[in-house]
Every structure is written in C-alpha cells, then in structure tokens.
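Structure file run-v4.json (JSON, N, CA and C atoms) follows.
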```json
[["chain", "number", "residue", "atom", "x", "y", "z"],
["A", 1, "MET", "N", 87.16, 125.36, 100.88],
["A", 1, "MET", "CA", 87.44, 125.95, 99.59],
["A", 1, "MET", "C", 87.98, 124.89, 98.64],
["A", 2, "LEU", "N", 87.48, 124.88, 97.42],
["A", 2, "LEU", "CA", 87.91, 123.90, 96.43],
["A", 2, "LEU", "C", 89.25, 124.32, 95.83],
["A", 3, "SER", "N", 90.02, 123.33, 95.41],
["A", 3, "SER", "CA", 91.29, 123.61, 94.75],
["A", 3, "SER", "C", 91.04, 124.22, 93.37],
["A", 4, "LYS", "N", 92.08, 124.77, 92.78],
["A", 4, "LYS", "CA", 91.96, 125.39, 91.46],
["A", 4, "LYS", "C", 91.86, 124.36, 90.35],
["A", 5, "ARG", "N", 92.39, 123.15, 90.60],
["A", 5, "ARG", "CA", 92.40, 122.12, 89.56],
["A", 5, "ARG", "C", 91.52, 120.94, 89.98],
["A", 6, "VAL", "N", 91.09, 120.19, 88.98],
["A", 6, "VAL", "CA", 90.30, 118.98, 89.21],
["A", 6, "VAL", "C", 90.68, 117.97, 88.13],
["A", 7, "ALA", "N", 90.71, 116.70, 88.49],
["A", 7, "ALA", "CA", 91.02, 115.65, 87.53],
["A", 7, "ALA", "C", 89.81, 115.34, 86.67],
["A", 8, "GLU", "N", 90.07, 115.07, 85.39],
["A", 8, "GLU", "CA", 89.02, 114.65, 84.47],
["A", 8, "GLU", "C", 89.49, 113.42, 83.71],
["A", 9, "VAL", "N", 88.57, 112.49, 83.49],
["A", 9, "VAL", "CA", 88.88, 111.23, 82.82],
["A", 9, "VAL", "C", 88.29, 111.24, 81.41],
["A", 10, "ASP", "N", 89.11, 110.86, 80.43],
["A", 10, "ASP", "CA", 88.63, 110.65, 79.07],
["A", 10, "ASP", "C", 88.06, 109.23, 79.04],
["A", 11, "ARG", "N", 86.75, 109.13, 79.17],
["A", 11, "ARG", "CA", 86.09, 107.82, 79.29],
["A", 11, "ARG", "C", 86.32, 106.93, 78.08],
["A", 12, "SER", "N", 86.53, 107.51, 76.92],
["A", 12, "SER", "CA", 86.72, 106.70, 75.72],
["A", 12, "SER", "C", 88.07, 105.98, 75.72],
["A", 13, "ARG", "N", 89.02, 106.46, 76.52],
["A", 13, "ARG", "CA", 90.35, 105.83, 76.58],
["A", 13, "ARG", "C", 90.57, 105.04, 77.87],
["A", 14, "CYS", "N", 89.71, 105.22, 78.85],
["A", 14, "CYS", "CA", 89.88, 104.56, 80.15],
["A", 14, "CYS", "C", 89.70, 103.05, 80.02],
["A", 15, "VAL", "N", 90.59, 102.28, 80.66],
["A", 15, "VAL", "CA", 90.52, 100.82, 80.62],
["A", 15, "VAL", "C", 89.97, 100.24, 81.92],
["A", 16, "ALA", "N", 89.52, 101.10, 82.84],
["A", 16, "ALA", "CA", 88.90, 100.69, 84.10],
["A", 16, "ALA", "C", 89.78, 99.75, 84.92],
["A", 17, "CYS", "N", 91.08, 100.03, 84.95],
["A", 17, "CYS", "CA", 92.00, 99.15, 85.66],
["A", 17, "CYS", "C", 91.98, 99.37, 87.17],
["A", 18, "GLY", "N", 91.55, 100.56, 87.61],
["A", 18, "GLY", "CA", 91.47, 100.84, 89.04],
["A", 18, "GLY", "C", 92.72, 101.40, 89.67],
["A", 19, "ALA", "N", 93.78, 101.60, 88.88],
["A", 19, "ALA", "CA", 95.02, 102.14, 89.44],
["A", 19, "ALA", "C", 94.79, 103.50, 90.08],
["A", 20, "CYS", "N", 93.96, 104.32, 89.45],
["A", 20, "CYS", "CA", 93.68, 105.66, 89.95],
["A", 20, "CYS", "C", 92.92, 105.61, 91.27],
["A", 21, "THR", "N", 92.02, 104.67, 91.40],
["A", 21, "THR", "CA", 91.23, 104.57, 92.63],
["A", 21, "THR", "C", 92.10, 104.21, 93.82],
["A", 22, "LYS", "N", 93.09, 103.38, 93.58],
["A", 22, "LYS", "CA", 94.00, 102.98, 94.66],
["A", 22, "LYS", "C", 94.93, 104.11, 95.07],
["A", 23, "GLU", "N", 95.27, 104.98, 94.14],
["A", 23, "GLU", "CA", 96.24, 106.04, 94.39],
["A", 23, "GLU", "C", 95.63, 107.30, 95.00],
["A", 24, "CYS", "N", 94.35, 107.54, 94.77],
["A", 24, "CYS", "CA", 93.71, 108.78, 95.21],
["A", 24, "CYS", "C", 93.63, 108.84, 96.74],
["A", 25, "PRO", "N", 94.23, 109.88, 97.34],
["A", 25, "PRO", "CA", 94.22, 109.99, 98.81],
["A", 25, "PRO", "C", 92.87, 110.44, 99.37],
["A", 26, "ARG", "N", 91.98, 110.91, 98.51],
["A", 26, "ARG", "CA", 90.69, 111.42, 98.97],
["A", 26, "ARG", "C", 89.51, 110.54, 98.53],
["A", 27, "ALA", "N", 89.79, 109.39, 97.93],
["A", 27, "ALA", "CA", 88.75, 108.49, 97.42],
["A", 27, "ALA", "C", 87.80, 109.24, 96.49],
["A", 28, "ALA", "N", 88.37, 110.10, 95.64],
["A", 28, "ALA", "CA", 87.57, 110.91, 94.72],
["A", 28, "ALA", "C", 87.36, 110.23, 93.37],
["A", 29, "VAL", "N", 88.01, 109.10, 93.15],
["A", 29, "VAL", "CA", 87.91, 108.40, 91.86],
["A", 29, "VAL", "C", 87.30, 107.02, 92.09],
["A", 30, "ALA", "N", 86.35, 106.66, 91.25],
["A", 30, "ALA", "CA", 85.72, 105.35, 91.34],
["A", 30, "ALA", "C", 85.53, 104.80, 89.93],
["A", 31, "VAL", "N", 85.61, 103.48, 89.81],
["A", 31, "VAL", "CA", 85.34, 102.82, 88.52],
["A", 31, "VAL", "C", 83.86, 102.49, 88.50],
["A", 32, "HIS", "N", 83.17, 102.97, 87.49],
["A", 32, "HIS", "CA", 81.73, 102.78, 87.38],
["A", 32, "HIS", "C", 81.38, 101.63, 86.45],
["A", 33, "ARG", "N", 80.67, 100.68, 86.99],
["A", 33, "ARG", "CA", 80.16, 99.53, 86.24],
["A", 33, "ARG", "C", 81.24, 98.78, 85.47],
["A", 34, "GLY", "N", 82.46, 98.84, 85.96],
["A", 34, "GLY", "CA", 83.56, 98.14, 85.32],
["A", 34, "GLY", "C", 83.94, 98.68, 83.96],
["A", 35, "CYS", "N", 83.44, 99.88, 83.62],
["A", 35, "CYS", "CA", 83.66, 100.42, 82.28],
["A", 35, "CYS", "C", 84.64, 101.58, 82.23],
["A", 36, "PHE", "N", 84.58, 102.49, 83.20],
["A", 36, "PHE", "CA", 85.43, 103.68, 83.17],
["A", 36, "PHE", "C", 85.51, 104.28, 84.56],
["A", 37, "ALA", "N", 86.55, 105.06, 84.77],
["A", 37, "ALA", "CA", 86.70, 105.78, 86.04],
["A", 37, "ALA", "C", 86.00, 107.12, 85.94],
["A", 38, "ALA", "N", 85.53, 107.59, 87.07],
["A", 38, "ALA", "CA", 84.90, 108.90, 87.14],
["A", 38, "ALA", "C", 85.40, 109.60, 88.40],
["A", 39, "VAL", "N", 85.51, 110.92, 88.32],
["A", 39, "VAL", "CA", 86.03, 111.72, 89.42],
["A", 39, "VAL", "C", 84.89, 112.50, 90.08],
["A", 40, "ASP", "N", 84.85, 112.46, 91.40],
["A", 40, "ASP", "CA", 83.92, 113.28, 92.17],
["A", 40, "ASP", "C", 84.59, 114.63, 92.35],
["A", 41, "PRO", "N", 84.14, 115.67, 91.65],
["A", 41, "PRO", "CA", 84.82, 116.96, 91.71],
["A", 41, "PRO", "C", 84.79, 117.63, 93.08],
["A", 42, "VAL", "N", 83.86, 117.25, 93.92],
["A", 42, "VAL", "CA", 83.81, 117.82, 95.27],
["A", 42, "VAL", "C", 84.92, 117.26, 96.14],
["A", 43, "ARG", "N", 85.23, 115.98, 95.97],
["A", 43, "ARG", "CA", 86.29, 115.34, 96.77],
["A", 43, "ARG", "C", 87.68, 115.56, 96.20],
["A", 44, "CYS", "N", 87.78, 115.77, 94.89],
["A", 44, "CYS", "CA", 89.08, 115.90, 94.22],
["A", 44, "CYS", "C", 89.79, 117.20, 94.65],
["A", 45, "VAL", "N", 91.08, 117.05, 95.01],
["A", 45, "VAL", "CA", 91.88, 118.22, 95.40],
["A", 45, "VAL", "C", 92.90, 118.58, 94.32],
["A", 46, "GLY", "N", 92.84, 117.92, 93.18],
["A", 46, "GLY", "CA", 93.71, 118.27, 92.06],
["A", 46, "GLY", "C", 95.18, 117.94, 92.27],
["A", 47, "CYS", "N", 95.48, 116.93, 93.07],
["A", 47, "CYS", "CA", 96.88, 116.59, 93.38],
["A", 47, "CYS", "C", 97.60, 115.94, 92.19],
["A", 48, "GLY", "N", 96.86, 115.28, 91.30],
["A", 48, "GLY", "CA", 97.46, 114.67, 90.13],
["A", 48, "GLY", "C", 98.00, 113.26, 90.32],
["A", 49, "LYS", "N", 97.85, 112.70, 91.50],
["A", 49, "LYS", "CA", 98.37, 111.34, 91.73],
["A", 49, "LYS", "C", 97.71, 110.33, 90.83],
["A", 50, "CYS", "N", 96.42, 110.48, 90.59],
["A", 50, "CYS", "CA", 95.70, 109.55, 89.72],
["A", 50, "CYS", "C", 96.24, 109.61, 88.29],
["A", 51, "ALA", "N", 96.51, 110.81, 87.81],
["A", 51, "ALA", "CA", 97.01, 110.99, 86.45],
["A", 51, "ALA", "C", 98.39, 110.37, 86.28],
["A", 52, "ARG", "N", 99.22, 110.47, 87.30],
["A", 52, "ARG", "CA", 100.58, 109.92, 87.21],
["A", 52, "ARG", "C", 100.61, 108.40, 87.12],
["A", 53, "VAL", "N", 99.63, 107.72, 87.72],
["A", 53, "VAL", "CA", 99.65, 106.25, 87.70],
["A", 53, "VAL", "C", 98.79, 105.64, 86.60],
["A", 54, "CYS", "N", 98.06, 106.46, 85.87],
["A", 54, "CYS", "CA", 97.15, 105.94, 84.85],
["A", 54, "CYS", "C", 97.92, 105.33, 83.67],
["A", 55, "PRO", "N", 97.78, 104.01, 83.44],
["A", 55, "PRO", "CA", 98.51, 103.38, 82.33],
["A", 55, "PRO", "C", 97.95, 103.77, 80.96],
["A", 56, "ALA", "N", 96.70, 104.22, 80.91],
["A", 56, "ALA", "CA", 96.09, 104.61, 79.65],
["A", 56, "ALA", "C", 96.29, 106.09, 79.36],
["A", 57, "ASP", "N", 96.89, 106.80, 80.28],
["A", 57, "ASP", "CA", 97.16, 108.23, 80.14],
["A", 57, "ASP", "C", 95.88, 108.99, 79.75],
["A", 58, "CYS", "N", 94.79, 108.68, 80.46],
["A", 58, "CYS", "CA", 93.50, 109.29, 80.11],
["A", 58, "CYS", "C", 92.99, 110.26, 81.17],
["A", 59, "ILE", "N", 93.82, 110.57, 82.18],
["A", 59, "ILE", "CA", 93.40, 111.50, 83.21],
["A", 59, "ILE", "C", 94.24, 112.77, 83.09],
["A", 60, "THR", "N", 93.56, 113.91, 83.05],
["A", 60, "THR", "CA", 94.24, 115.19, 82.97],
["A", 60, "THR", "C", 93.71, 116.09, 84.08],
["A", 61, "LEU", "N", 94.53, 117.05, 84.47],
["A", 61, "LEU", "CA", 94.12, 118.04, 85.45],
["A", 61, "LEU", "C", 93.67, 119.28, 84.70],
["A", 62, "MET", "N", 92.50, 119.73, 85.04],
["A", 62, "MET", "CA", 91.88, 120.88, 84.38],
["A", 62, "MET", "C", 91.61, 121.97, 85.40],
["A", 63, "GLU", "N", 91.54, 123.21, 84.93],
["A", 63, "GLU", "CA", 91.14, 124.31, 85.79],
["A", 63, "GLU", "C", 89.65, 124.12, 86.09],
["A", 64, "ARG", "N", 89.28, 124.32, 87.34],
["A", 64, "ARG", "CA", 87.86, 124.24, 87.70],
["A", 64, "ARG", "C", 87.11, 125.38, 87.01],
["A", 65, "GLU", "N", 85.89, 125.11, 86.66],
["A", 65, "GLU", "CA", 85.06, 126.14, 86.04],
["A", 65, "GLU", "C", 84.85, 127.27, 87.04],
["A", 66, "GLY", "N", 84.97, 128.49, 86.55],
["A", 66, "GLY", "CA", 84.79, 129.64, 87.41],
["A", 66, "GLY", "C", 85.98, 129.96, 88.28],
["A", 67, "GLN", "N", 87.14, 129.32, 88.04],
["A", 67, "GLN", "CA", 88.34, 129.52, 88.86],
["A", 67, "GLN", "C", 89.50, 130.00, 88.02],
["A", 68, "ALA", "N", 89.27, 130.89, 87.12],
["A", 68, "ALA", "CA", 90.33, 131.34, 86.20],
["A", 68, "ALA", "C", 91.50, 131.97, 86.89]]
```
Final structure tokens representation of the file:
Amino acid sequence: MLSKRVAEVDRSRCVACGACTKECPRAAVAVHRGCFAAVDPVRCVGCGKCARVCPADCITLMEREGQA
C-alpha cells in the first residue's frame, strides 16, 4: 500500500546538488542529467527526509492523487 504523501520537486528551483538522493532511505530520488532531482512516486514513502535537507527548499510533500 502506498503512503498518503509523496515528495515533489520544483524543477525550476532545483540546483541538482544531490543532497536529497543521499538522504532518501528508499532511493526514490535521483538527479537526472545533472539538471534536477526527480522522485519515483512508487518508491517514495513520503517521509520528508529529502525535503528537510534540500538547500534550495524545492521539495514539498503532497497528498497522493486519489488519496484524499
């Protein structure tokens, strides 16, 4: 069963530093082409660890679609 929350990255603000990738316990975040981080919603458990370490403050936890 998927968690109620999932991390989302604002790609326009992401600096691709990789801090989130190192912090994620499920390896749900990856930096793509050195440009921005992206979250695999299937692997993400919504713990928020990535958002807490993001220096650009571009990761937020959102309610999953269909999980009101």
Proximity to Val42 of chain A - best of A:Ala19, A:Ser3, A:Leu61, A:Cys54, only N, CA and C atoms: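 Among A:Ala19, A:Ser3, A:Leu61, A:Cys54, it is A:Ser3 that comes nearest to Val42 of chain A.
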Using DSSP secondary structure from the backbone, list all strand (DSSP E or B) positions within chain A, as an MDAnalysis selection string. chainID A and resid 5:9 29:32 36:39 59:63
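The two atoms in question, atom CA of Arg43 of chain A and atom CA of Arg64 of chain A, are spaced 12.8 Å apart.
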At a cut-off of 7 Å, using all atoms listed in the file, what residues contact Cys44 of chain A? Leave out same-chain residues fewer than 2 positions from it and give the result as a compact mmCIF listing (two decimals) with N, CA and C atoms, in the coordinates of the input.
```txt
# COMPACT_ATOMS: atom_id res chain seq x y z
N SER A 3 90.02 123.33 95.41
CA SER A 3 91.29 123.61 94.75
C SER A 3 91.04 124.22 93.37
N ARG A 5 92.39 123.15 90.60
CA ARG A 5 92.40 122.12 89.56
C ARG A 5 91.52 120.94 89.98
N VAL A 6 91.09 120.19 88.98
CA VAL A 6 90.30 118.98 89.21
C VAL A 6 90.68 117.97 88.13
N ALA A 7 90.71 116.70 88.49
CA ALA A 7 91.02 115.65 87.53
C ALA A 7 89.81 115.34 86.67
N ARG A 26 91.98 110.91 98.51
CA ARG A 26 90.69 111.42 98.97
C ARG A 26 89.51 110.54 98.53
N ALA A 27 89.79 109.39 97.93
CA ALA A 27 88.75 108.49 97.42
C ALA A 27 87.80 109.24 96.49
N ALA A 28 88.37 110.10 95.64
CA ALA A 28 87.57 110.91 94.72
C ALA A 28 87.36 110.23 93.37
N VAL A 29 88.01 109.10 93.15
CA VAL A 29 87.91 108.40 91.86
C VAL A 29 87.30 107.02 92.09
N VAL A 39 85.51 110.92 88.32
CA VAL A 39 86.03 111.72 89.42
C VAL A 39 84.89 112.50 90.08
N ASP A 40 84.85 112.46 91.40
CA ASP A 40 83.92 113.28 92.17
C ASP A 40 84.59 114.63 92.35
N PRO A 41 84.14 115.67 91.65
CA PRO A 41 84.82 116.96 91.71
C PRO A 41 84.79 117.63 93.08
N VAL A 42 83.86 117.25 93.92
CA VAL A 42 83.81 117.82 95.27
C VAL A 42 84.92 117.26 96.14
N GLY A 46 92.84 117.92 93.18
CA GLY A 46 93.71 118.27 92.06
C GLY A 46 95.18 117.94 92.27
N CYS A 47 95.48 116.93 93.07
CA CYS A 47 96.88 116.59 93.38
C CYS A 47 97.60 115.94 92.19
```
From the options A:Val9, A:Cys14, A:Cys24, A:Leu2, which residue's atoms come nearest to Lys49 of chain A, counting only C-alpha atoms? A:Cys24
What gap, in Å, lies between atom N of Gly48 of chain A and atom N of Ala16 of chain A?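 One can read the atom N of Gly48 of chain A to atom N of Ala16 of chain A distance as 18.1 Å.
Atom N of Cys50 of chain A to atom CA of Glu63 of chain A spans 15.6 Å [interatomic distance, one decimal].
Across chain A, DSSP run on the backbone finds helix (DSSP H, G or I) at Ala19, Cys20, Thr21, Lys22, Glu23, Lys49, Cys50, Ala51, Arg52 and Val53 of chain A.
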Tell me which protein, DNA and RNA residues are within 6 Å of Ile59 of chain A, counting all atoms listed in the file, leaving out same-chain ones fewer than 4 positions away, and put them as number ranges by chain. A: 8-10, 51
Of the candidates A:Ala38, A:Ala56, A:Met62, A:Ala30, which shows the shortest atom-to-atom distance to Arg13 of chain A, using only N, CA and C atoms? A:Ala56
Choose the residue, out of A:Cys35, A:Glu65, A:Cys58, A:Val45, that has the smallest atom-to-atom separation from Cys17 of chain A; count all atoms listed in the file.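 Closest residue, counting all atoms listed in the file: A:Cys35.
Minimum atom-to-atom distance to Val53 of chain A, evaluated using only N, CA and C atoms, belongs to A:Cys20 out of A:Arg33, A:Cys20, A:Gly66, A:Arg11.
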Would you mind putting all heavy atoms back on segment 27-38 of chain A and writing the result as a short mmCIF file (atom, residue, chain, number, x, y, z; two decimals), in the coordinates of the input?
```
data_model
loop_
_atom_site.label_atom_id
_atom_site.label_comp_id
_atom_site.auth_asym_id
_atom_site.auth_seq_id
_atom_site.Cartn_x
_atom_site.Cartn_y
_atom_site.Cartn_z
N ALA A 27 89.79 109.39 97.93
CA ALA A 27 88.75 108.49 97.42
C ALA A 27 87.80 109.24 96.49
O ALA A 27 86.58 109.07 96.54
CB ALA A 27 88.00 107.82 98.56
N ALA A 28 88.37 110.10 95.64
CA ALA A 28 87.57 110.91 94.72
C ALA A 28 87.36 110.23 93.37
O ALA A 28 86.60 110.72 92.55
CB ALA A 28 88.24 112.26 94.50
N VAL A 29 88.01 109.10 93.15
CA VAL A 29 87.91 108.40 91.86
C VAL A 29 87.30 107.02 92.09
O VAL A 29 87.68 106.32 93.02
CB VAL A 29 89.29 108.24 91.19
CG1 VAL A 29 89.13 107.70 89.78
CG2 VAL A 29 90.05 109.54 91.19
N ALA A 30 86.35 106.66 91.25
CA ALA A 30 85.72 105.35 91.34
C ALA A 30 85.53 104.80 89.93
O ALA A 30 85.33 105.55 88.99
CB ALA A 30 84.37 105.45 92.04
N VAL A 31 85.61 103.48 89.81
CA VAL A 31 85.34 102.82 88.52
C VAL A 31 83.86 102.49 88.50
O VAL A 31 83.34 101.83 89.40
CB VAL A 31 86.20 101.55 88.34
CG1 VAL A 31 85.79 100.81 87.08
CG2 VAL A 31 87.68 101.91 88.28
N HIS A 32 83.17 102.97 87.49
CA HIS A 32 81.73 102.78 87.38
C HIS A 32 81.38 101.63 86.45
O HIS A 32 81.81 101.61 85.30
CB HIS A 32 81.07 104.07 86.88
CG HIS A 32 81.05 105.13 87.92
ND1 HIS A 32 80.06 105.22 88.86
CD2 HIS A 32 81.93 106.10 88.21
CE1 HIS A 32 80.32 106.23 89.67
NE2 HIS A 32 81.45 106.78 89.31
N ARG A 33 80.67 100.68 86.99
CA ARG A 33 80.16 99.53 86.24
C ARG A 33 81.24 98.78 85.47
O ARG A 33 80.98 98.20 84.42
CB ARG A 33 79.05 99.97 85.30
CG ARG A 33 77.88 100.56 86.03
CD ARG A 33 76.79 100.96 85.12
NE ARG A 33 75.76 101.61 85.91
CZ ARG A 33 74.66 102.09 85.42
NH1 ARG A 33 74.41 101.99 84.14
NH2 ARG A 33 73.77 102.67 86.19
N GLY A 34 82.46 98.84 85.96
CA GLY A 34 83.56 98.14 85.32
C GLY A 34 83.94 98.68 83.96
O GLY A 34 84.67 98.04 83.22
N CYS A 35 83.44 99.88 83.62
CA CYS A 35 83.66 100.42 82.28
C CYS A 35 84.64 101.58 82.23
O CYS A 35 85.40 101.68 81.28
CB CYS A 35 82.34 100.88 81.69
SG CYS A 35 81.16 99.55 81.47
N PHE A 36 84.58 102.49 83.20
CA PHE A 36 85.43 103.68 83.17
C PHE A 36 85.51 104.28 84.56
O PHE A 36 84.66 104.04 85.42
CB PHE A 36 84.88 104.73 82.19
CG PHE A 36 83.48 105.15 82.50
CD1 PHE A 36 83.23 106.13 83.44
CD2 PHE A 36 82.41 104.56 81.86
CE1 PHE A 36 81.93 106.51 83.74
CE2 PHE A 36 81.11 104.94 82.15
CZ PHE A 36 80.87 105.92 83.10
N ALA A 37 86.55 105.06 84.77
CA ALA A 37 86.70 105.78 86.04
C ALA A 37 86.00 107.12 85.94
O ALA A 37 85.90 107.70 84.86
CB ALA A 37 88.19 105.98 86.34
N ALA A 38 85.53 107.59 87.07
CA ALA A 38 84.90 108.90 87.14
C ALA A 38 85.40 109.60 88.40
O ALA A 38 85.67 108.96 89.41
CB ALA A 38 83.39 108.78 87.16
#
```
